[in-house]
Amino acid sequence: MQLEDQISEARQVIHTDAYPMSIGEMINIYRDGEIDIHPEFQRQYRWKDYQKSNLIESILLGIPLPSIFVAQREDGVWDVVDGLQRLSTILSFVGELRDENKKTLPPLVLEQTPYLSALKGASWTGESQNSFAISDDLKRAFKREKIDVKIIKKESDENAKFELFQRLNTGGSDLSEQEVRNCLLIMLDRSAYLWLKDASDFPDFQNSVALSERLKDEKYTMELALRFVIATKYDDQVSIVESDIGPYITNQMKELIRKNTFITSETLFKDTFSIINRELEDNAFKRYSSSKEKYEGQFSVSLFEYISTGVAYAIESKMPEIELVSKLHKNSKIIGEDRDFVDATKHGSRGINRFPKLILLARKHFS
């Protein structure tokens, strides 16, 4: 197929529209529940107060804002695909921003900005401590400023908005891969997102992976829980077409949601990590030194994939717990010298190649 033909075909699955909308209109449709900025995304809402103040300054000075991208749902409501931070800042400034429980959050009080030093302490109503209200003239001018809105219409292919979200929120973004996946997951199936979050907060899981605060902040615990879900459902008869582990994890997540098979047995997840934490604690996913007769080093994602998958496989296979625990201790100590494990995890090996090998190796060793 020629390039022109491919472009023409692809354009037919994405229907878009665009028009400028005043900030006042945007506030009104938010009040009416006609636009969903997904307050769950606030965990990824990282702007500092000075960044928020700079945005409000830009609006007051008439500086054009980048476009907001939304996707129209079947019920007509707009899902914000890109522009969360800008919209949340605007709504926070006018005292309209709500949390997940529909509770209105405290309004934004501005800081001094590069061009408007007198903004320090300014707010919409002046009701916050040490703040003053901006004038009615400024409020009117603020609400009349325009935002360019790009709309992916509901007639588009369902995957279009998720594809666009990934493209707009990766690359130079401050979001980690899992934070982007979390946002996709909320749009796809909020119950699946909540399940994954609850799973990653399970104390035995947290204790056994023993990650740094930085990795926790980047939601790496949720990525590990997601890897576990994907590994326990891995089908070696289905070819992997992705060239990297990141896109593979994302696509598998979307596929499991599509098939309505994402949510893994809560009992399986908790039983797996209860046993692992009880027996090995925070040594569970560290390499064992036979010469020193102890576990050492940092958390290893390879060991996580191998051990957690193996224990889950043994539980699903109804292996007696005394036998499972014996295998867990034995395999955790000798796996570092296993030829197949060493080959799969050697320096330079790619995650997309390692992942299926370790799953099958775990199933073999925990049988």
# chains A, B, ... in the order shown; residues from 1 in each chain; ligands from 1

$ residues_around --residues "stretch 363-366 of chain A" --least-positions-apart "3" --cutoff "6 Å" --atoms "only C-alpha atoms" --output "number ranges by chain"
A: 310, 314, 360

$ residues_around --residues "A:Ala344" --least-positions-apart "6" --cutoff "12 Å" --atoms "only C-alpha atoms" --output "ChimeraX atom specification"
/A:302-303,305-306,335-338,350-361

$ residues_around --residues "A:Pro20" --least-positions-apart "6" --cutoff "8 Å" --atoms "only C-alpha atoms" --output "count of residues only"
4

$ residues_around --residues "stretch 286-293 of chain A" --least-positions-apart "6" --cutoff "12 Å" --atoms "only C-alpha atoms" --output "list of chain:residue names"
A:Ser208, A:Val209, A:Ala210, A:Leu211, A:Leu280, A:Phe299, A:Ser300, A:Val301, A:Ser302, A:Leu303, A:Phe304, A:Glu305, A:Tyr306, A:Ile307, A:His329, A:Lys330, A:Asn331, A:Ser332, A:Lys333, A:Ile334, A:Ile335, A:Gly336, A:Glu337, A:Val342

$ residues_around --residues "stretch 202-204 of chain A" --least-positions-apart "4" --cutoff "12 Å" --atoms "only C-alpha atoms" --output "short mmCIF file (atom, residue, chain, number, x, y, z; two decimals) with N, CA and C atoms, in the first residue's frame"
data_model
loop_
_atom_site.label_atom_id
_atom_site.label_comp_id
_atom_site.auth_asym_id
_atom_site.auth_seq_id
_atom_site.Cartn_x
_atom_site.Cartn_y
_atom_site.Cartn_z
N TRP A 195 -8.23 -1.47 41.45
CA TRP A 195 -7.74 -2.79 41.86
C TRP A 195 -6.21 -2.80 41.85
N LEU A 196 -5.61 -2.28 40.80
CA LEU A 196 -4.15 -2.28 40.68
C LEU A 196 -3.52 -1.42 41.78
N LYS A 197 -4.13 -0.29 42.07
CA LYS A 197 -3.61 0.59 43.12
C LYS A 197 -3.68 -0.11 44.47
N ASP A 198 -4.82 -0.73 44.77
CA ASP A 198 -4.97 -1.43 46.04
C ASP A 198 -3.96 -2.59 46.14
N SER A 208 8.22 -6.62 50.45
CA SER A 208 9.10 -7.54 49.72
C SER A 208 9.85 -6.86 48.59
N VAL A 209 9.23 -5.88 47.92
CA VAL A 209 9.93 -5.21 46.83
C VAL A 209 10.87 -4.12 47.35
N ALA A 210 10.54 -3.53 48.49
CA ALA A 210 11.42 -2.59 49.19
C ALA A 210 12.04 -1.56 48.25
N THR A 221 5.83 0.68 41.83
CA THR A 221 5.17 -0.45 42.49
C THR A 221 3.95 -0.90 41.69
N MET A 222 3.23 0.07 41.10
CA MET A 222 2.07 -0.28 40.30
C MET A 222 2.50 -0.97 39.01
N ALA A 225 3.21 -4.55 39.98
CA ALA A 225 1.94 -5.28 40.16
C ALA A 225 1.32 -5.60 38.81
N GLU A 266 -7.76 -11.53 43.74
CA GLU A 266 -7.12 -10.82 44.85
C GLU A 266 -6.44 -11.80 45.79
N THR A 267 -7.04 -12.97 45.94
CA THR A 267 -6.46 -13.99 46.80
C THR A 267 -5.12 -14.45 46.26
N PHE A 269 -2.97 -12.77 44.36
CA PHE A 269 -1.97 -11.73 44.54
C PHE A 269 -1.51 -11.69 46.00
N LYS A 270 -2.46 -11.65 46.92
CA LYS A 270 -2.10 -11.53 48.32
C LYS A 270 -1.41 -12.78 48.85
N ASP A 271 -1.87 -13.95 48.43
CA ASP A 271 -1.23 -15.19 48.88
C ASP A 271 0.21 -15.26 48.38
N THR A 272 0.41 -14.85 47.13
CA THR A 272 1.75 -14.90 46.55
C THR A 272 2.73 -14.06 47.36
N PHE A 273 2.36 -12.81 47.61
CA PHE A 273 3.30 -11.91 48.27
C PHE A 273 3.31 -12.07 49.78
N SER A 274 2.26 -12.67 50.34
CA SER A 274 2.29 -13.00 51.76
C SER A 274 3.35 -14.07 52.02
N ILE A 275 3.36 -15.09 51.16
CA ILE A 275 4.35 -16.16 51.30
C ILE A 275 5.76 -15.63 51.05
N ILE A 276 5.92 -14.86 49.99
CA ILE A 276 7.24 -14.33 49.66
C ILE A 276 7.77 -13.45 50.77
N ASN A 277 6.94 -12.57 51.31
CA ASN A 277 7.40 -11.65 52.35
C ASN A 277 7.66 -12.38 53.66
N ARG A 278 6.80 -13.35 53.97
CA ARG A 278 6.98 -14.11 55.21
C ARG A 278 8.29 -14.90 55.20
N GLU A 279 8.63 -15.47 54.05
CA GLU A 279 9.81 -16.33 53.96
C GLU A 279 11.11 -15.57 53.69
N LEU A 280 11.04 -14.52 52.88
CA LEU A 280 12.28 -13.86 52.45
C LEU A 280 12.34 -12.36 52.78
N GLU A 281 11.22 -11.80 53.17
CA GLU A 281 11.14 -10.37 53.49
C GLU A 281 11.74 -9.54 52.35
N ASP A 282 12.55 -8.52 52.69
CA ASP A 282 13.06 -7.64 51.63
C ASP A 282 14.27 -8.21 50.90
N ALA A 284 13.75 -10.88 49.10
CA ALA A 284 13.06 -11.72 48.12
C ALA A 284 13.58 -11.54 46.70
#

$ atom_distance --atom1 "atom CA of A:Phe285" --atom2 "atom CA of A:Glu323"
19.8 Å

$ residues_around --residues "A:Tyr220" --least-positions-apart "2" --cutoff "9 Å" --atoms "only C-alpha atoms" --output "PDB file with C-alpha atoms, in the first residue's frame"
ATOM      1  CA  SER A 176       6.799   8.001  34.166  1.00  0.00           C
ATOM      2  CA  GLU A 177       5.595   5.242  31.835  1.00  0.00           C
ATOM      3  CA  GLN A 178       3.410   3.796  34.576  1.00  0.00           C
ATOM      4  CA  GLU A 179       1.854   7.155  35.407  1.00  0.00           C
ATOM      5  CA  LEU A 211      11.693   0.200  46.616  1.00  0.00           C
ATOM      6  CA  ARG A 214      11.591   7.983  44.253  1.00  0.00           C
ATOM      7  CA  LEU A 215      10.466   4.795  42.513  1.00  0.00           C
ATOM      8  CA  LYS A 216       7.318   4.688  44.630  1.00  0.00           C
ATOM      9  CA  ASP A 217       6.548   8.283  43.658  1.00  0.00           C
ATOM     10  CA  GLU A 218       6.909   7.293  39.996  1.00  0.00           C
ATOM     11  CA  MET A 222       2.067  -0.279  40.295  1.00  0.00           C
ATOM     12  CA  GLU A 223       4.127  -1.256  37.253  1.00  0.00           C
ATOM     13  CA  LEU A 224       5.467  -4.287  39.124  1.00  0.00           C
ATOM     14  CA  ALA A 225       1.943  -5.282  40.158  1.00  0.00           C
TER      15      ALA A 225
END

$ atom_distance --atom1 "atom CA of A:Lys52" --atom2 "atom CA of A:Leu138"
17.3 Å

$ residues_around --residues "A:Leu185" --least-positions-apart "2" --cutoff "10 Å" --atoms "only C-alpha atoms" --output "VMD selection string"
chain A and resid 162 178 to 183 187 to 194 196 250 253 to 254 257

$ atom_distance --atom1 "atom CA of A:Ala71" --atom2 "atom CA of A:Ile152"
4.6 Å

$ closest_residue --among "A:Ala199, A:Ile90, A:Ala312, A:Leu65" --to "A:Lys233" --atoms "only C-alpha atoms"
A:Ala312

$ select_by_dssp --residues "stretch 48-79 of chain A" --states "helix (DSSP H, G or I)" --output "PyMOL selection string"
chain A and resi 49-60

$ write_last_selection --atoms "C-alpha atoms" --output "compact mmCIF listing (two decimals), in the first residue's frame"
# COMPACT_ATOMS: atom_id res chain seq x y z
CA ASP A 49 2.48 27.05 42.87
CA TYR A 50 4.90 29.22 40.93
CA GLN A 51 4.12 27.28 37.74
CA LYS A 52 0.40 27.71 38.33
CA SER A 53 0.89 31.41 39.01
CA ASN A 54 2.87 31.78 35.78
CA LEU A 55 -0.01 30.23 33.82
CA ILE A 56 -2.54 32.63 35.36
CA GLU A 57 -0.16 35.51 34.58
CA SER A 58 0.02 34.37 30.94
CA ILE A 59 -3.78 34.39 30.69
CA LEU A 60 -4.06 37.82 32.28

$ decode --residues "stretch 261-363 of chain A" --atoms "C-alpha atoms" --output "CSV table (one decimal), in the first residue's frame"
chain,number,residue,atom,x,y,z
A,261,THR,CA,-9.8,-10.4,32.2
A,262,PHE,CA,-7.6,-7.7,33.8
A,263,ILE,CA,-8.6,-8.1,37.4
A,264,THR,CA,-6.6,-11.0,38.8
A,265,SER,CA,-7.8,-13.0,41.8
A,266,GLU,CA,-7.1,-10.8,44.9
A,267,THR,CA,-6.5,-14.0,46.8
A,268,LEU,CA,-3.8,-15.1,44.3
A,269,PHE,CA,-2.0,-11.7,44.5
A,270,LYS,CA,-2.1,-11.5,48.3
A,271,ASP,CA,-1.2,-15.2,48.9
A,272,THR,CA,1.8,-14.9,46.5
A,273,PHE,CA,3.3,-11.9,48.3
A,274,SER,CA,2.3,-13.0,51.8
A,275,ILE,CA,4.3,-16.2,51.3
A,276,ILE,CA,7.2,-14.3,49.7
A,277,ASN,CA,7.4,-11.7,52.3
A,278,ARG,CA,7.0,-14.1,55.2
A,279,GLU,CA,9.8,-16.3,54.0
A,280,LEU,CA,12.3,-13.9,52.5
A,281,GLU,CA,11.1,-10.4,53.5
A,282,ASP,CA,13.1,-7.6,51.6
A,283,ASN,CA,15.7,-10.2,50.4
A,284,ALA,CA,13.1,-11.7,48.1
A,285,PHE,CA,14.2,-10.0,44.9
A,286,LYS,CA,17.9,-9.7,45.7
A,287,ARG,CA,20.7,-11.9,44.4
A,288,TYR,CA,22.1,-14.6,46.7
A,289,SER,CA,25.8,-14.9,47.1
A,290,SER,CA,26.8,-18.5,47.7
A,291,SER,CA,30.3,-17.5,48.8
A,292,LYS,CA,29.0,-15.1,51.4
A,293,GLU,CA,25.9,-17.2,52.1
A,294,LYS,CA,23.6,-14.1,52.1
A,295,TYR,CA,21.3,-12.0,49.9
A,296,GLU,CA,22.8,-8.8,48.8
A,297,GLY,CA,22.5,-5.9,46.3
A,298,GLN,CA,19.5,-4.0,45.1
A,299,PHE,CA,16.1,-5.0,44.0
A,300,SER,CA,16.2,-7.0,40.7
A,301,VAL,CA,13.2,-6.8,38.3
A,302,SER,CA,14.4,-10.1,36.7
A,303,LEU,CA,14.2,-11.9,40.1
A,304,PHE,CA,10.8,-10.3,40.7
A,305,GLU,CA,9.5,-11.6,37.4
A,306,TYR,CA,10.9,-15.0,38.0
A,307,ILE,CA,10.1,-15.6,41.7
A,308,SER,CA,6.6,-13.9,41.9
A,309,THR,CA,5.5,-15.7,38.7
A,310,GLY,CA,6.8,-19.0,40.0
A,311,VAL,CA,5.1,-18.8,43.4
A,312,ALA,CA,1.8,-17.7,41.8
A,313,TYR,CA,2.1,-20.6,39.4
A,314,ALA,CA,2.7,-23.1,42.2
A,315,ILE,CA,-0.3,-21.7,44.2
A,316,GLU,CA,-2.6,-22.0,41.1
A,317,SER,CA,-1.3,-25.6,40.6
A,318,LYS,CA,-2.4,-26.5,44.2
A,319,MET,CA,1.1,-27.3,45.3
A,320,PRO,CA,1.3,-28.1,49.0
A,321,GLU,CA,2.6,-25.0,50.8
A,322,ILE,CA,5.4,-26.8,52.5
A,323,GLU,CA,6.7,-27.9,49.1
A,324,LEU,CA,6.2,-24.5,47.7
A,325,VAL,CA,8.2,-22.8,50.5
A,326,SER,CA,11.0,-25.3,50.0
A,327,LYS,CA,11.2,-24.5,46.3
A,328,LEU,CA,11.1,-20.8,47.0
A,329,HIS,CA,14.1,-20.9,49.3
A,330,LYS,CA,16.0,-23.3,47.0
A,331,ASN,CA,15.3,-21.5,43.8
A,332,SER,CA,15.9,-18.0,45.2
A,333,LYS,CA,19.4,-19.2,46.1
A,334,ILE,CA,20.5,-21.1,43.1
A,335,ILE,CA,18.7,-19.2,40.3
A,336,GLY,CA,21.6,-16.7,39.9
A,337,GLU,CA,23.8,-19.5,38.6
A,338,ASP,CA,21.2,-21.2,36.5
A,339,ARG,CA,22.4,-21.2,32.8
A,340,ASP,CA,19.0,-20.3,31.3
A,341,PHE,CA,18.5,-17.5,33.9
A,342,VAL,CA,22.0,-16.1,33.3
A,343,ASP,CA,21.5,-16.2,29.5
A,344,ALA,CA,18.1,-14.4,29.7
A,345,THR,CA,19.4,-11.7,32.0
A,346,LYS,CA,22.9,-11.2,30.8
A,347,HIS,CA,24.1,-7.6,30.3
A,348,GLY,CA,22.6,-6.0,27.3
A,349,SER,CA,19.6,-8.4,27.2
A,350,ARG,CA,16.3,-6.6,26.4
A,351,GLY,CA,13.3,-6.7,28.7
A,352,ILE,CA,11.0,-7.8,25.9
A,353,ASN,CA,13.2,-10.9,25.3
A,354,ARG,CA,13.8,-11.6,29.0
A,355,PHE,CA,10.2,-11.4,30.2
A,356,PRO,CA,8.7,-14.5,28.4
A,357,LYS,CA,11.8,-16.6,29.1
A,358,LEU,CA,11.7,-15.9,32.8
A,359,ILE,CA,7.9,-16.7,33.0
A,360,LEU,CA,8.5,-20.1,31.3
A,361,LEU,CA,11.6,-20.8,33.5
A,362,ALA,CA,9.6,-20.0,36.6
A,363,ARG,CA,6.8,-22.3,35.6
